[in-house]
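Peer 1: This is the structure I have questions about; it appears just below.
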Amino acid sequence: GIDRIVSDRRVAPPAPPAPLGTSRATTAAPTKRAAVPADVDDDSARVHVVFSTDCSAYQDWQSEVVFHSALHVSHGGPLTRIASGCDAASQARLRRRYAELYGDLFGRCLFVHFTPKFDKDADSGKTYYFYNKPRGLEHWLAQPNSSATLTEIVALIDPDFAFLKPLSATLHRPTALVARRPRP
């Protein structure tokens with residue numbers, strides 16, 4: 001077979017995509033923590049990067065930029081795309097695409113998790129697209145066999161993010177903390 005080059009690493013041609021799962025848990029269950037290549041900063045291996053999208057072609061493109069840029073800078077932790085509202089054909093197409101692009105990295109350290117559409121407000125019935133982000137994240141975290149179990153730190157980014165360097169688990173100054181006690 002023809003070898004593919006992914007981020008200056010040779011990987012074997014991909015296996016066929018996994019069969020579609022149920023609508024409740026559609027992420028393949030990872031069997032162990034993502035393997036960290038020798039040239040990767042171990043600190044970034046502790047950071048699982050997650051981003052939320054819909055199933056539009058535009059966000060497919062953005063997702064590939066996130067995955068490619070993470071591989072280019074050797075981010076060591078796993079990455080998961082949370083894709084909301086994809087029909088079965090779109091799910092199969094994305095799995096095939098990622099298997100073709102990323103070979104054995106897809107399902108080992110690059111993941112896609114499919115959720116239902118969460119864009120309707122239960123009280124008003126109005127469409128609010130931004131509900132997909134928090135509810136998709138909640139759906140992913142609630143799955144017992146999801147890629148959420150791979151690391152202790154989750155970084156939620158937007159799909160228009162591109163890596164310039166690996167994300168670090170280390171805070172370099174006390175003011176970098178996000179969570180703080182409320183002031184009296």
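Following the order of the structure tokens, chains are lettered A, B, ..., residues in each are numbered from 1, and ligands are numbered from 1.
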Please list as an MDAnalysis selection string every residue within 6 Å of Ser44 of chain A, counting only C-alpha atoms and excluding residues in the same chain fewer than 5 positions away.
Peer 2: chainID A and resid 75:77 166:168
Peer 1: Please report, as a list in words, each residue of segment 39-70 of chain A to which DSSP assigns alpha helix (DSSP H) when run on this structure's backbone.
Peer 2: Ala57, Tyr58, Gln59, Asp60, Trp61, Gln62, Ser63, Glu64, Val65, Val66, Phe67, His68, Ser69 and Ala70 of chain A
Peer 1: Write out as a ChimeraX atom specification which residues come within 12 Å of Val47 of chain A when counting only C-alpha atoms, dropping same-chain ones fewer than 2 positions away.
Peer 2: /A:33-34,36,41-45,49-50,70,75-80,109,148-157,166-170
Peer 1: Using only C-alpha atoms for the distances, tell me which of A:Val112, A:Ala83, A:Val65, A:Ala57 is nearest to Gly136 of chain A.
Peer 2: A:Ala83
Peer 1: Of the candidates A:Thr53, A:Gln62, A:Ser74, A:Asn145, which shows the shortest atom-to-atom distance to Pro116 of chain A, using only C-alpha atoms?
Peer 2: A:Thr53
Peer 1: In Å, with one decimal, what is the gap from atom CA of Ile82 of chain A to atom CA of Leu164 of chain A?
Peer 2: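 Value for the atom CA of Ile82 of chain A-atom CA of Leu164 of chain A distance: 21.7 Å.
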Peer 1: Among the residues of segment 23-184 of chain A, find those DSSP assigns to strand (DSSP E) from the backbone and print them as a PyMOL selection string.
Peer 2: chain A and resi 47-53+79-84+110-115+153-157
Peer 1: When distances are computed from only C-alpha atoms, which of A:Lys165, A:Arg135, A:Arg97, A:His68 shows the smallest separation from Ser52 of chain A?
Peer 2: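 With only C-alpha atoms as the atom set, the closest residue is A:Arg135.
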Peer 1: For a quick check of understanding, using only C-alpha atoms, which of A:Lys117, A:His72, A:Arg108, A:Lys133 has the smallest distance to Cys86 of chain A?
Peer 2: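 That would be A:Lys117, the residue with the smallest distance to Cys86 of chain A.
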